[in-house]
Each structure stands twice: as structure tokens, then as C-alpha cells.
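Here is the structure we will look at, set down as C-alpha cells.
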Amino acid sequence: MTLPEPPRDLTALVVEGGAMRGIFSSGVLDAFLESGFNPFEICIGVSAGATNIAAYLAGMQGRNYQVYTDYSLRPEFISVRRFLAGGHLMDLDWLWDVTIKELRLDIEAILSSHSHYYMTLTRVADGQAVYTLPDRDNLEQMLKASSAMPVFYRKFVPVPGLNGSRPEDGALSDLYVDGGIADPIPVLEAYRRGAARILVLRSRPRDYRMQRRRLNVMMRIALRRYPQLRACLHDRPARYNRALDFMRRPPDDVQLIEVNPPEEFESSRLTKDPEVLNRDYRRGLELGAAVAEDWPHAPAAGRR
């Protein structure tokens, strides 16, 4: 049976991940909060982008700026020395524990928002993307899973009972990792869900395309028992670039607006320089204010 197409009349926000590069979209979304700007019926985030959307829908302006420029710069979070000794490069356990204790998201505000908030996760069992609405019991765990880049964080994150779990996969059916592996820019998912206007917040320059590279030895060894997840990671550049192709040449029934960091953007995945992060946050603030002001007249990215 063919299911009917959803009505194409929704406005969607899609936010890319990128670890510390997410400082840019946190600035954009803080500017949206400052302007009281939220025209989005659908919000879909992946990895750091999912966390930035969560703070946005919670109405917690500046919350993730504090995470990026304080908590994420502490030695407990990113440690090359610990990583070389066999531990996490990015200790999500510590980061989640301390921010839940000291800077917890307003979960009730997120769930009561008029925006339907989808997170993107990658299922370990088969390497497939899972797009799902959180609830008050699993939201924080889902955010952790969506940010859990294999090897950088040396565990898989259990999130029992999500849609798409398959009993035949056994224990693996409830284990998830970074959603950016299976779907780095979930713009096609927003379109499939009926979006007629999509705003995409990127963490890369507009002309960036992901190059296919062989998995490094450490990654191949770490994922040797999970061939489908390893294959998914290997194919990530193709999925990334397919999303870009859709954005550059969108169908006629969707308007797509893309917001990229400017050329002078400096942050990388593991940036720990607070001055760099502050500059890039301010760049996000400036562009976010401009988007909110120009929204009724924003041009479609594929029709410039």
C-alpha cells in the first residue's frame, strides 16, 4: 500500500552538527530567541544541532553558549591525553552529568513548544537513521546518543523503545550513536515530513563538500564487530553531499534558505580557544538577527 504524501504546507528548521562548530548555530538560535522568532512547525537537529535546538525550544538564551565556552573547555570534557590512554576524547558522560546538575534544559518547555522536535540518531544494529520525538523520560539520553561520535566517545548509548527498534537485532536494537553518521544534514527528512519552507543552519561554509576518505585504523578496529555501522560511516560523505545537492537544486514545491558560517569562521570540531569561540558565536548572533528580520523576504537557496 502506498501511503499518501503529507500536505506540503509546513515550515521547518534543520540544524547540522559539528561538535564545537555548533557555536555558530547556537549564536543564530540565541538571536532568534532575542527576536522572539519561531515560525517553525518542524525542528530537526543532529548531534550538536539537536542540542542547540533543545535550548532554543526551551527558551534558554545563552545556555548553550555557556556550555561551549565554559563546560566544553574544561579538561574533564576534551582530553587528548586521556584518549591516547584508551579513554574518551570527548567525555559525554561527564558533560551530561554536570550540565544536568548545573544547567539543565527546561524539558517541559521543549515538549510544550508548538514546534515538533525531532532528533536524528544512528542505530548501531543496522546503521540506519532514526528520527524520533523525545519525551520527558528520554530527551536527555537521546541528545547524548545523537552526539556520541564513535571512537571520540568509546561507548554506544542505550535508548530503549524508540521507533524502529527491531527485536531480531537483540541488545543492539536499543543502542545508538551520533545521528550525523547516518544523516549529517536531515533536510530530506524535513521535506518528507511535508515542509514547504526549510531553513538550514550549517556548520560549514557554503562551498564545503565532504571528501570520501578511508576509515583510519583506529576507527576500523573499534567498529570491526559492527560492519553495518562501519559501512554507514564509510558512506557518510555520499549522504552529506546528496543533502547538499538537494539544497542546491530543491524541488519546485519547496523553498530552501541556507545559513552558513561566513568565510572568516574559525572554529573546528575540537576548538578550545575561548576567543575563537566568542568571535564565532557573535558571527552567529549577527546572521541570526538578519535572518529573523529578513525572513518574509528571504530568497530560496536553490533559486539565486
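Here's how to read the names in the C-alpha cells: chain A, B, ... by the order shown, residue numbers from 1 in each chain, ligand numbers from 1 in the order shown.
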Closest-contact table, range 116-189 of chain A side, partner range 14-31 of chain A, 8 Å, counting only C-alpha atoms, as a Markdown table:
| residue | atom | partner | partner_atom | distance |
| --- | --- | --- | --- | --- |
| A:Ser147 | CA | A:Ala19 | CA | 7.9 |
| A:Gly180 | CA | A:Gly17 | CA | 6.9 |
| A:Pro184 | CA | A:Glu16 | CA | 6.6 |
| A:Ile185 | CA | A:Glu16 | CA | 5.4 |
| A:Pro186 | CA | A:Val14 | CA | 6.6 |
| A:Val187 | CA | A:Val14 | CA | 6.2 |
Output C-alpha atoms for every residue in the selection just made, as a short mmCIF file (atom, residue, chain, number, x, y, z; two decimals), in the first residue's frame.
data_model
loop_
_atom_site.label_atom_id
_atom_site.label_comp_id
_atom_site.auth_asym_id
_atom_site.auth_seq_id
_atom_site.Cartn_x
_atom_site.Cartn_y
_atom_site.Cartn_z
CA SER A 147 26.16 13.45 19.89
CA GLY A 180 25.32 12.72 11.85
CA PRO A 184 24.54 14.57 8.55
CA ILE A 185 22.05 17.22 7.28
CA PRO A 186 18.49 15.88 7.64
CA VAL A 187 16.97 18.26 5.11
#
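The residue set within 7 Å of range 205-211 of chain A, counting only C-alpha atoms and dropping same-chain residues fewer than 5 places from it, reads Pro237, Tyr240, Asn241, Asn260, Pro261, Pro262 and Glu263 of chain A.
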Taking N, CA and C atoms for each residue, export the selection above as a PDB file, in the first residue's frame.
ATOM      1  N   PRO A 237      30.161  10.557   3.519  1.00  0.00           N
ATOM      2  CA  PRO A 237      30.358  11.652   2.557  1.00  0.00           C
ATOM      3  C   PRO A 237      29.319  11.660   1.440  1.00  0.00           C
ATOM      4  N   TYR A 240      26.134  13.090   2.866  1.00  0.00           N
ATOM      5  CA  TYR A 240      26.315  14.524   3.114  1.00  0.00           C
ATOM      6  C   TYR A 240      26.167  15.309   1.815  1.00  0.00           C
ATOM      7  N   ASN A 241      26.857  14.854   0.793  1.00  0.00           N
ATOM      8  CA  ASN A 241      26.834  15.574  -0.481  1.00  0.00           C
ATOM      9  C   ASN A 241      25.495  15.444  -1.190  1.00  0.00           C
ATOM     10  N   ASN A 260      24.989  29.807   6.368  1.00  0.00           N
ATOM     11  CA  ASN A 260      26.320  29.232   6.575  1.00  0.00           C
ATOM     12  C   ASN A 260      27.196  30.147   7.411  1.00  0.00           C
ATOM     13  N   PRO A 261      28.163  29.593   8.125  1.00  0.00           N
ATOM     14  CA  PRO A 261      29.172  30.454   8.748  1.00  0.00           C
ATOM     15  C   PRO A 261      29.891  31.266   7.677  1.00  0.00           C
ATOM     16  N   PRO A 262      30.282  32.495   7.988  1.00  0.00           N
ATOM     17  CA  PRO A 262      30.999  33.309   6.994  1.00  0.00           C
ATOM     18  C   PRO A 262      32.395  32.755   6.738  1.00  0.00           C
ATOM     19  N   GLU A 263      33.032  33.281   5.705  1.00  0.00           N
ATOM     20  CA  GLU A 263      34.360  32.790   5.317  1.00  0.00           C
ATOM     21  C   GLU A 263      35.376  32.918   6.440  1.00  0.00           C
TER      22      GLU A 263
END
*Using only C-alpha atoms, pick whichever of A:Arg239, A:Arg193, A:Ala50, A:Phe152 has the shortest atom-to-atom distance to Ser79 in chain A.*
A:Phe152
*If you run DSSP over the backbone, which residues in range 7-198 of chain A end up strand (DSSP E or B)? Put them as number ranges by chain.*
A: 10-15, 42-46, 78, 90, 116-123, 129-132, 150, 153, 157-158, 175-178, 195-198
*Find the spatial neighbours of range 73-77 of chain A, counting only C-alpha atoms, within a cut-off of 6 Å - ignore same-chain residues fewer than 6 positions away - and output them as a ChimeraX atom specification.*
/A:90-91,272
*Among range 132-266 of chain A, which residues carry a DSSP assignment of helix (DSSP H, G or I), reported as a ChimeraX atom specification?*
/A:139-146,167-174,179-182,187-192,217-222,227-234,236-248
*Counting only C-alpha atoms, the residue of A:Leu223, A:Ala12, A:Val80, A:Val46 that sits nearest Ala182 in chain A*: A:Val46
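For Ala58 in chain A, the list of residues within 7 Å, based on only C-alpha atoms and with local chain neighbours fewer than 6 positions off taken out, reads Leu105, Asp106, Ile107, Ala109 and Ile110 of chain A.
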Go ahead and save the residues from that selection, with all heavy atoms, as a PDB file, in the first residue's frame.
ATOM      1  N   LEU A 105      18.336  21.612  30.917  1.00  0.00           N
ATOM      2  CA  LEU A 105      17.348  22.085  29.956  1.00  0.00           C
ATOM      3  C   LEU A 105      15.956  22.069  30.582  1.00  0.00           C
ATOM      4  O   LEU A 105      15.637  21.198  31.400  1.00  0.00           O
ATOM      5  CB  LEU A 105      17.352  21.194  28.715  1.00  0.00           C
ATOM      6  CG  LEU A 105      18.556  21.327  27.778  1.00  0.00           C
ATOM      7  CD1 LEU A 105      18.659  20.105  26.873  1.00  0.00           C
ATOM      8  CD2 LEU A 105      18.441  22.603  26.942  1.00  0.00           C
ATOM      9  N   ASP A 106      15.120  23.005  30.161  1.00  0.00           N
ATOM     10  CA  ASP A 106      13.729  23.038  30.595  1.00  0.00           C
ATOM     11  C   ASP A 106      12.942  22.079  29.695  1.00  0.00           C
ATOM     12  O   ASP A 106      12.446  22.458  28.626  1.00  0.00           O
ATOM     13  CB  ASP A 106      13.180  24.460  30.498  1.00  0.00           C
ATOM     14  CG  ASP A 106      11.783  24.591  31.085  1.00  0.00           C
ATOM     15  OD1 ASP A 106      11.081  23.572  31.199  1.00  0.00           O
ATOM     16  OD2 ASP A 106      11.396  25.729  31.426  1.00  0.00           O
ATOM     17  N   ILE A 107      12.850  20.831  30.121  1.00  0.00           N
ATOM     18  CA  ILE A 107      12.245  19.789  29.296  1.00  0.00           C
ATOM     19  C   ILE A 107      10.764  20.063  29.049  1.00  0.00           C
ATOM     20  O   ILE A 107      10.253  19.860  27.938  1.00  0.00           O
ATOM     21  CB  ILE A 107      12.461  18.410  29.948  1.00  0.00           C
ATOM     22  CG1 ILE A 107      13.965  18.078  29.951  1.00  0.00           C
ATOM     23  CG2 ILE A 107      11.681  17.326  29.208  1.00  0.00           C
ATOM     24  CD1 ILE A 107      14.306  16.804  30.689  1.00  0.00           C
ATOM     25  N   ALA A 109       9.258  22.909  28.817  1.00  0.00           N
ATOM     26  CA  ALA A 109       9.110  23.958  27.801  1.00  0.00           C
ATOM     27  C   ALA A 109       9.351  23.402  26.404  1.00  0.00           C
ATOM     28  O   ALA A 109       8.649  23.771  25.450  1.00  0.00           O
ATOM     29  CB  ALA A 109      10.077  25.105  28.097  1.00  0.00           C
ATOM     30  N   ILE A 110      10.319  22.521  26.262  1.00  0.00           N
ATOM     31  CA  ILE A 110      10.598  21.912  24.959  1.00  0.00           C
ATOM     32  C   ILE A 110       9.394  21.118  24.476  1.00  0.00           C
ATOM     33  O   ILE A 110       8.950  21.240  23.327  1.00  0.00           O
ATOM     34  CB  ILE A 110      11.846  21.011  25.043  1.00  0.00           C
ATOM     35  CG1 ILE A 110      13.090  21.836  25.365  1.00  0.00           C
ATOM     36  CG2 ILE A 110      12.046  20.240  23.739  1.00  0.00           C
ATOM     37  CD1 ILE A 110      14.310  21.008  25.713  1.00  0.00           C
TER      38      ILE A 110
END
*One decimal, Å: what's the distance from CA of Arg269 in chain A over to CA of Arg236 in chain A, could you say?*
16.6 Å
_For Pro251 in chain A: contacts at 10 Å, only C-alpha atoms, fewer than 5 positions along chain excluded, given as JSON, numbers by chain_ = {"A": [191, 196, 246, 256, 302]}
_Restricting the calculation to only C-alpha atoms: of A:Glu258, A:Glu293, A:Asp183, A:Glu108, which residue gets closest to Asp135 in chain A?_
A:Glu108
Determine, using only C-alpha atoms, which residues of range 57-82 of chain A have any atom at most 9 Å from an atom of range 273-291 of chain A, and tabulate each with its shortest atom pair and distance in Å to one decimal place, rows ordered by chain and then rising number, as JSON lines.
{"residue": "A:Tyr65", "atom": "CA", "partner": "A:Tyr281", "partner_atom": "CA", "distance": 7.6}
{"residue": "A:Tyr68", "atom": "CA", "partner": "A:Leu277", "partner_atom": "CA", "distance": 7.7}
{"residue": "A:Thr69", "atom": "CA", "partner": "A:Pro274", "partner_atom": "CA", "distance": 6.0}
{"residue": "A:Asp70", "atom": "CA", "partner": "A:Pro274", "partner_atom": "CA", "distance": 8.4}
{"residue": "A:Leu73", "atom": "CA", "partner": "A:Pro274", "partner_atom": "CA", "distance": 7.9}
*For each of A:Thr132, A:Gln61, A:Gln66, A:Ser173, take the minimum atom-to-atom distance to Gly45 in chain A, counting only C-alpha atoms, then give the residue where this is smallest.*
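Of all the options, A:Thr132 lies closest to Gly45 in chain A.
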*Which residues come within 9 Å of Pro134 in chain A, counting only C-alpha atoms, excluding same-chain residues fewer than 6 positions away, as a list in words?*
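That gives Leu111, Tyr117, Tyr118, Met119, Glu140 and Met142 of chain A.
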